[in-house]
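Notes follow the structure.
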Amino acid sequence: MTKKRVAVLISGRGSNMSALVEAAKHADYPAEIVAVIANKADAGGLEVAHLEGIPAIAIPHRNYASKSEHEAAVCAALVEAKADIVCLAGYMRIISPEFVAQWEGKMLNIHPSLLPLFKGLHTHEQALEAGVRVHGCTVHFVTAGMDDGPIIAQTAVPVKTGDTPDMLAKRVLSVEHETYTRALALVAQGKAVMKDGRTVFSD
Ligand code: GRF
């Protein structure tokens, strides 16, 4: 089996990145993590990746005069890493349509809600405000619309009486890691493919 080469883009602690790294240690997992890139020099996940022996670099957006120059630097790093797939994992930058187009069908994101509900930030507050009884996470292909691409995998969790946004966030995070691992495996094996704006599943 040829493993797909995966780069993970992060902005913070990188617990989803760590979950993918753990999964990829298994011989039968169809992907390997070849690079971790953060847009912030102090992203905690960089150190974690480094300790795992994975090339981990910061490409701080603040060091670039424009969004396009920053994205060009990130793209160059992805090409240098020979990445086949890019996983956004808590990457707090809106990706330009040009960048998205270069990675169409090969860029994944995890969002902490059951899309299409609760796009954007503060999803747990949004869920509590709406009064939903189930909440969860979604892994989807990245398209030009924010949190808008074809869905690959979702997991639901209950909303419990008395939940605070933090309590709900923890419960959702506890299922994010497995959901991302499963979704990446489907894409790496070619069992989930983006076609005509939809995810097509096989097998
Ligand atoms: C996760 O909740 C993810 O769904 C969202 O940002 C958070 C990142 O957490 N996009 P981590 O850095 O993976 O721990």
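Letters A, B, ... go to the chains of the structure tokens in the order shown; residues in each chain start at 1; ligands are counted from 1 in the same order.
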Q: Give the residues close to ligand 1, within 10 Å, counting only C-alpha atoms and all ligand atoms; write them as a ChimeraX atom specification.
A: /A:9-20,43-45,88-92,109-113,120-124,136-139,147,169-170,172-177,180
Export N, CA and C atoms of the chosen residues as a short mmCIF file (atom, residue, chain, number, x, y, z; two decimals), in the first residue's frame?
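What landed in out_10.cif:
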```cif
data_model
loop_
_atom_site.label_atom_id
_atom_site.label_comp_id
_atom_site.auth_asym_id
_atom_site.auth_seq_id
_atom_site.Cartn_x
_atom_site.Cartn_y
_atom_site.Cartn_z
N LEU A 9 -2.25 21.67 8.62
CA LEU A 9 -2.12 23.10 8.94
C LEU A 9 -2.85 23.37 10.25
N ILE A 10 -2.14 24.03 11.16
CA ILE A 10 -2.70 24.29 12.49
C ILE A 10 -2.47 25.76 12.88
N SER A 11 -3.18 26.17 13.93
CA SER A 11 -2.92 27.50 14.52
C SER A 11 -2.68 27.42 16.01
N GLY A 12 -3.01 26.26 16.63
CA GLY A 12 -2.96 26.21 18.10
C GLY A 12 -2.42 24.91 18.64
N ARG A 13 -3.20 24.33 19.60
CA ARG A 13 -2.68 23.17 20.35
C ARG A 13 -2.51 21.93 19.48
N GLY A 14 -3.33 21.79 18.44
CA GLY A 14 -3.13 20.68 17.50
C GLY A 14 -3.54 19.31 17.99
N SER A 15 -4.62 19.24 18.79
CA SER A 15 -5.01 17.90 19.26
C SER A 15 -5.54 17.03 18.11
N ASN A 16 -6.19 17.65 17.14
CA ASN A 16 -6.62 16.86 15.97
C ASN A 16 -5.41 16.40 15.16
N MET A 17 -4.44 17.27 15.01
CA MET A 17 -3.19 16.90 14.34
C MET A 17 -2.56 15.70 15.04
N SER A 18 -2.50 15.76 16.38
CA SER A 18 -1.92 14.65 17.15
C SER A 18 -2.67 13.35 16.91
N ALA A 19 -4.00 13.45 16.83
CA ALA A 19 -4.80 12.25 16.58
C ALA A 19 -4.46 11.64 15.23
N LEU A 20 -4.26 12.49 14.23
CA LEU A 20 -3.90 11.98 12.90
C LEU A 20 -2.51 11.35 12.93
N ALA A 43 2.27 28.28 18.13
CA ALA A 43 1.27 27.20 18.10
C ALA A 43 1.82 25.99 18.85
N GLY A 44 1.10 25.56 19.88
CA GLY A 44 1.58 24.46 20.73
C GLY A 44 1.82 23.17 19.95
N GLY A 45 1.02 22.95 18.92
CA GLY A 45 1.13 21.72 18.15
C GLY A 45 2.47 21.56 17.44
N LEU A 88 -6.72 20.72 7.28
CA LEU A 88 -6.81 21.90 8.16
C LEU A 88 -7.32 21.40 9.51
N ALA A 89 -6.60 21.73 10.57
CA ALA A 89 -6.99 21.23 11.89
C ALA A 89 -6.84 22.38 12.88
N GLY A 90 -7.93 23.14 13.01
CA GLY A 90 -7.85 24.33 13.86
C GLY A 90 -7.00 25.41 13.22
N TYR A 91 -7.03 25.48 11.89
CA TYR A 91 -6.25 26.49 11.16
C TYR A 91 -7.14 27.72 11.02
N MET A 92 -6.78 28.78 11.76
CA MET A 92 -7.68 29.93 11.89
C MET A 92 -7.42 31.00 10.83
N ASN A 109 -11.18 19.81 6.14
CA ASN A 109 -11.26 20.66 7.33
C ASN A 109 -12.15 19.97 8.36
N ILE A 110 -11.86 20.23 9.63
CA ILE A 110 -12.79 19.78 10.68
C ILE A 110 -13.43 21.00 11.31
N HIS A 111 -14.74 20.92 11.46
CA HIS A 111 -15.50 22.03 12.02
C HIS A 111 -16.31 21.51 13.21
N PRO A 112 -16.30 22.25 14.33
CA PRO A 112 -16.98 21.73 15.53
C PRO A 112 -18.48 22.03 15.58
N SER A 113 -19.19 21.56 14.56
CA SER A 113 -20.66 21.56 14.58
C SER A 113 -21.13 20.57 13.53
N GLY A 120 -18.76 29.18 11.09
CA GLY A 120 -17.99 30.26 11.70
C GLY A 120 -17.50 29.93 13.10
N LEU A 121 -17.36 30.98 13.91
CA LEU A 121 -16.78 30.82 15.25
C LEU A 121 -17.86 30.58 16.31
N HIS A 122 -17.41 30.24 17.52
CA HIS A 122 -18.29 30.11 18.70
C HIS A 122 -19.46 29.15 18.42
N THR A 123 -19.13 28.00 17.86
CA THR A 123 -20.18 27.06 17.46
C THR A 123 -20.92 26.48 18.66
N HIS A 124 -20.21 26.32 19.78
CA HIS A 124 -20.87 25.72 20.95
C HIS A 124 -21.85 26.72 21.58
N GLY A 136 -22.22 18.36 17.44
CA GLY A 136 -21.21 17.42 16.99
C GLY A 136 -20.14 18.06 16.13
N CYS A 137 -19.55 17.27 15.27
CA CYS A 137 -18.47 17.77 14.42
C CYS A 137 -18.61 17.22 13.01
N THR A 138 -17.94 17.91 12.09
CA THR A 138 -18.03 17.57 10.67
C THR A 138 -16.64 17.66 10.05
N VAL A 139 -16.28 16.67 9.26
CA VAL A 139 -15.10 16.77 8.40
C VAL A 139 -15.61 16.90 6.97
N ASP A 147 -16.68 26.92 5.71
CA ASP A 147 -17.34 25.78 6.38
C ASP A 147 -18.49 25.25 5.51
N ALA A 169 -17.89 21.89 24.29
CA ALA A 169 -16.68 21.85 23.45
C ALA A 169 -15.86 20.60 23.75
N LYS A 170 -15.74 20.26 25.03
CA LYS A 170 -14.96 19.07 25.42
C LYS A 170 -15.62 17.81 24.87
N VAL A 172 -17.57 17.54 22.27
CA VAL A 172 -17.41 17.49 20.81
C VAL A 172 -15.96 17.11 20.46
N LEU A 173 -15.00 17.71 21.16
CA LEU A 173 -13.59 17.41 20.85
C LEU A 173 -13.30 15.92 21.03
N SER A 174 -14.00 15.32 22.02
CA SER A 174 -13.73 13.90 22.29
C SER A 174 -14.14 13.01 21.12
N VAL A 175 -14.98 13.51 20.22
CA VAL A 175 -15.34 12.71 19.03
C VAL A 175 -14.67 13.26 17.76
N GLU A 176 -14.09 14.44 17.84
CA GLU A 176 -13.45 15.01 16.65
C GLU A 176 -12.29 14.14 16.17
N HIS A 177 -11.50 13.65 17.12
CA HIS A 177 -10.26 12.96 16.74
C HIS A 177 -10.54 11.70 15.93
N TYR A 180 -12.01 12.67 12.43
CA TYR A 180 -11.03 13.14 11.44
C TYR A 180 -10.18 11.98 10.92
#
```
Q. At what distance in Å, to one decimal, does CA of Lys25 in chain A lie from CA of Gln102 in chain A?
A.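 Distance between the two atoms: 28.1 Å.
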Q. Residues at most 12 Å from Asp28 in chain A, counting only C-alpha atoms, excluding those fewer than 4 positions away in the same chain, as number ranges by chain?
A. A: 1-4, 23-24, 32, 185, 188-189
Could you save those same residues with N, CA, C and O atoms as an mmCIF file, in the first residue's frame?
```cif
data_model
loop_
_atom_site.group_PDB
_atom_site.id
_atom_site.type_symbol
_atom_site.label_atom_id
_atom_site.label_comp_id
_atom_site.auth_asym_id
_atom_site.auth_seq_id
_atom_site.Cartn_x
_atom_site.Cartn_y
_atom_site.Cartn_z
ATOM 1 N N MET A 1 0.845 -1.200 0.000
ATOM 2 C CA MET A 1 0.000 0.000 0.000
ATOM 3 C C MET A 1 0.888 1.261 0.000
ATOM 4 O O MET A 1 1.785 1.384 0.822
ATOM 5 N N THR A 2 0.599 2.146 -0.961
ATOM 6 C CA THR A 2 1.309 3.427 -0.950
ATOM 7 C C THR A 2 0.511 4.395 -0.089
ATOM 8 O O THR A 2 -0.660 4.656 -0.376
ATOM 9 N N LYS A 3 1.138 4.882 0.953
ATOM 10 C CA LYS A 3 0.436 5.809 1.846
ATOM 11 C C LYS A 3 0.401 7.202 1.220
ATOM 12 O O LYS A 3 1.387 7.638 0.629
ATOM 13 N N LYS A 4 -0.721 7.884 1.367
ATOM 14 C CA LYS A 4 -0.818 9.272 0.914
ATOM 15 C C LYS A 4 -0.012 10.156 1.857
ATOM 16 O O LYS A 4 -0.020 9.951 3.076
ATOM 17 N N ALA A 23 -2.853 7.931 14.539
ATOM 18 C CA ALA A 23 -3.475 6.974 13.622
ATOM 19 C C ALA A 23 -2.483 6.521 12.555
ATOM 20 O O ALA A 23 -2.426 5.343 12.184
ATOM 21 N N ALA A 24 -1.693 7.485 12.080
ATOM 22 C CA ALA A 24 -0.772 7.208 10.973
ATOM 23 C C ALA A 24 0.406 6.323 11.397
ATOM 24 O O ALA A 24 1.148 5.828 10.551
ATOM 25 N N GLU A 32 0.357 9.029 5.743
ATOM 26 C CA GLU A 32 1.441 9.389 6.666
ATOM 27 C C GLU A 32 1.486 10.911 6.775
ATOM 28 O O GLU A 32 1.172 11.618 5.813
ATOM 29 N N ALA A 185 -8.868 8.660 6.357
ATOM 30 C CA ALA A 185 -8.644 7.317 5.799
ATOM 31 C C ALA A 185 -9.508 7.097 4.561
ATOM 32 O O ALA A 185 -9.033 6.578 3.542
ATOM 33 N N ALA A 188 -7.937 9.127 1.744
ATOM 34 C CA ALA A 188 -6.624 8.593 1.344
ATOM 35 C C ALA A 188 -6.775 7.299 0.545
ATOM 36 O O ALA A 188 -5.978 7.011 -0.350
ATOM 37 N N GLN A 189 -7.824 6.529 0.860
ATOM 38 C CA GLN A 189 -8.056 5.269 0.144
ATOM 39 C C GLN A 189 -8.857 5.470 -1.137
ATOM 40 O O GLN A 189 -9.135 4.514 -1.853
#
```
Q. DSSP says strand (DSSP E) for which residues of range 83-175 of chain A? Put them as number ranges by chain?
A. A: 85-88, 107-111, 134-141, 151-158
Counting only C-alpha atoms, which residues in range 28-72 of chain A sit no more than 10 Å from range 94-100 of chain A? For each one, give the nearest pair of atoms and the distance in Å, sorted by chain then residue number, as a Markdown table.
```
| residue | atom | partner | partner_atom | distance |
| --- | --- | --- | --- | --- |
| A:Lys67 | CA | A:Ser96 | CA | 8.2 |
| A:Ser68 | CA | A:Ser96 | CA | 8.0 |
| A:Glu71 | CA | A:Phe99 | CA | 7.1 |
| A:Ala72 | CA | A:Phe99 | CA | 8.5 |
```
Q: Would you list the contacts of Leu46 in chain A as a list in words, taking every protein, DNA or RNA residue within 8 Å and counting only C-alpha atoms, but skipping same-chain residues closer than 6 positions in sequence?
A: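 In the requested form, the answer reads Gly14, Val36, Ile37, Ala38, Ala56, Ile57 and Ala58 of chain A.
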Q: Using backbone DSSP assignments, extract all alpha helix (DSSP H) residues from range 69-142 of chain A; output them as a PyMOL selection string.
A: chain A and resi 69-80+97-102+123-130
Export of the given selection (N, CA and C atoms) as a PDB file, in the first residue's frame:
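After the write, selection.pdb holds the following:
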```
ATOM      1  N   GLU A  69       0.825  36.552  -0.502  1.00  0.00           N
ATOM      2  CA  GLU A  69       2.241  36.203  -0.300  1.00  0.00           C
ATOM      3  C   GLU A  69       2.381  35.125   0.777  1.00  0.00           C
ATOM      4  N   HIS A  70       1.566  35.249   1.826  1.00  0.00           N
ATOM      5  CA  HIS A  70       1.610  34.220   2.874  1.00  0.00           C
ATOM      6  C   HIS A  70       1.178  32.870   2.307  1.00  0.00           C
ATOM      7  N   GLU A  71       0.097  32.865   1.540  1.00  0.00           N
ATOM      8  CA  GLU A  71      -0.389  31.606   0.970  1.00  0.00           C
ATOM      9  C   GLU A  71       0.619  31.018  -0.015  1.00  0.00           C
ATOM     10  N   ALA A  72       1.324  31.876  -0.722  1.00  0.00           N
ATOM     11  CA  ALA A  72       2.346  31.379  -1.664  1.00  0.00           C
ATOM     12  C   ALA A  72       3.444  30.650  -0.886  1.00  0.00           C
ATOM     13  N   ALA A  73       3.792  31.190   0.277  1.00  0.00           N
ATOM     14  CA  ALA A  73       4.827  30.542   1.101  1.00  0.00           C
ATOM     15  C   ALA A  73       4.328  29.205   1.643  1.00  0.00           C
ATOM     16  N   VAL A  74       3.061  29.174   2.058  1.00  0.00           N
ATOM     17  CA  VAL A  74       2.492  27.909   2.559  1.00  0.00           C
ATOM     18  C   VAL A  74       2.443  26.887   1.422  1.00  0.00           C
ATOM     19  N   CYS A  75       2.003  27.331   0.252  1.00  0.00           N
ATOM     20  CA  CYS A  75       1.934  26.432  -0.919  1.00  0.00           C
ATOM     21  C   CYS A  75       3.304  25.874  -1.250  1.00  0.00           C
ATOM     22  N   ALA A  76       4.304  26.722  -1.204  1.00  0.00           N
ATOM     23  CA  ALA A  76       5.670  26.273  -1.515  1.00  0.00           C
ATOM     24  C   ALA A  76       6.102  25.194  -0.528  1.00  0.00           C
ATOM     25  N   ALA A  77       5.748  25.372   0.749  1.00  0.00           N
ATOM     26  CA  ALA A  77       6.103  24.372   1.764  1.00  0.00           C
ATOM     27  C   ALA A  77       5.354  23.058   1.523  1.00  0.00           C
ATOM     28  N   LEU A  78       4.111  23.166   1.067  1.00  0.00           N
ATOM     29  CA  LEU A  78       3.321  21.953   0.785  1.00  0.00           C
ATOM     30  C   LEU A  78       3.910  21.188  -0.392  1.00  0.00           C
ATOM     31  N   VAL A  79       4.346  21.943  -1.387  1.00  0.00           N
ATOM     32  CA  VAL A  79       4.952  21.314  -2.568  1.00  0.00           C
ATOM     33  C   VAL A  79       6.277  20.663  -2.176  1.00  0.00           C
ATOM     34  N   GLU A  80       7.048  21.383  -1.373  1.00  0.00           N
ATOM     35  CA  GLU A  80       8.344  20.836  -0.943  1.00  0.00           C
ATOM     36  C   GLU A  80       8.158  19.545  -0.136  1.00  0.00           C
ATOM     37  N   PRO A  97      -9.904  31.685  -2.482  1.00  0.00           N
ATOM     38  CA  PRO A  97     -10.426  30.769  -3.517  1.00  0.00           C
ATOM     39  C   PRO A  97      -9.313  30.209  -4.398  1.00  0.00           C
ATOM     40  N   GLU A  98      -8.262  30.982  -4.626  1.00  0.00           N
ATOM     41  CA  GLU A  98      -7.152  30.509  -5.475  1.00  0.00           C
ATOM     42  C   GLU A  98      -6.435  29.333  -4.805  1.00  0.00           C
ATOM     43  N   PHE A  99      -6.188  29.475  -3.514  1.00  0.00           N
ATOM     44  CA  PHE A  99      -5.523  28.411  -2.751  1.00  0.00           C
ATOM     45  C   PHE A  99      -6.414  27.159  -2.740  1.00  0.00           C
ATOM     46  N   VAL A 100      -7.695  27.380  -2.470  1.00  0.00           N
ATOM     47  CA  VAL A 100      -8.646  26.268  -2.439  1.00  0.00           C
ATOM     48  C   VAL A 100      -8.640  25.537  -3.778  1.00  0.00           C
ATOM     49  N   ALA A 101      -8.641  26.299  -4.873  1.00  0.00           N
ATOM     50  CA  ALA A 101      -8.716  25.688  -6.210  1.00  0.00           C
ATOM     51  C   ALA A 101      -7.513  24.778  -6.470  1.00  0.00           C
ATOM     52  N   GLN A 102      -6.361  25.180  -5.968  1.00  0.00           N
ATOM     53  CA  GLN A 102      -5.158  24.363  -6.181  1.00  0.00           C
ATOM     54  C   GLN A 102      -5.261  23.005  -5.493  1.00  0.00           C
ATOM     55  N   THR A 123     -19.127  27.997  17.858  1.00  0.00           N
ATOM     56  CA  THR A 123     -20.177  27.056  17.457  1.00  0.00           C
ATOM     57  C   THR A 123     -20.923  26.481  18.661  1.00  0.00           C
ATOM     58  N   HIS A 124     -20.207  26.324  19.783  1.00  0.00           N
ATOM     59  CA  HIS A 124     -20.865  25.717  20.952  1.00  0.00           C
ATOM     60  C   HIS A 124     -21.850  26.718  21.583  1.00  0.00           C
ATOM     61  N   GLU A 125     -21.455  27.984  21.605  1.00  0.00           N
ATOM     62  CA  GLU A 125     -22.386  29.021  22.066  1.00  0.00           C
ATOM     63  C   GLU A 125     -23.603  29.068  21.128  1.00  0.00           C
ATOM     64  N   GLN A 126     -23.321  28.981  19.828  1.00  0.00           N
ATOM     65  CA  GLN A 126     -24.424  29.020  18.854  1.00  0.00           C
ATOM     66  C   GLN A 126     -25.393  27.865  19.089  1.00  0.00           C
ATOM     67  N   ALA A 127     -24.847  26.679  19.373  1.00  0.00           N
ATOM     68  CA  ALA A 127     -25.696  25.494  19.569  1.00  0.00           C
ATOM     69  C   ALA A 127     -26.548  25.657  20.825  1.00  0.00           C
ATOM     70  N   LEU A 128     -25.933  26.158  21.903  1.00  0.00           N
ATOM     71  CA  LEU A 128     -26.692  26.344  23.147  1.00  0.00           C
ATOM     72  C   LEU A 128     -27.772  27.403  22.965  1.00  0.00           C
ATOM     73  N   GLU A 129     -27.417  28.454  22.248  1.00  0.00           N
ATOM     74  CA  GLU A 129     -28.369  29.539  21.995  1.00  0.00           C
ATOM     75  C   GLU A 129     -29.566  29.033  21.181  1.00  0.00           C
ATOM     76  N   ALA A 130     -29.286  28.150  20.228  1.00  0.00           N
ATOM     77  CA  ALA A 130     -30.367  27.628  19.375  1.00  0.00           C
ATOM     78  C   ALA A 130     -31.211  26.592  20.100  1.00  0.00           C
TER      79      ALA A 130
END
```
**Q.** Nearest candidate to Glu22 in chain A (options A:Thr181, A:Asn63, A:Ala192, A:Met107; using only C-alpha atoms)
**A.**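 For Glu22 in chain A, the nearest of the given residues is A:Thr181.
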Q: Mind giving me the straight-line distance from CA of Asp166 in chain A to CA of Pro116 in chain A in Å, one decimal?
A: 21.4 Å
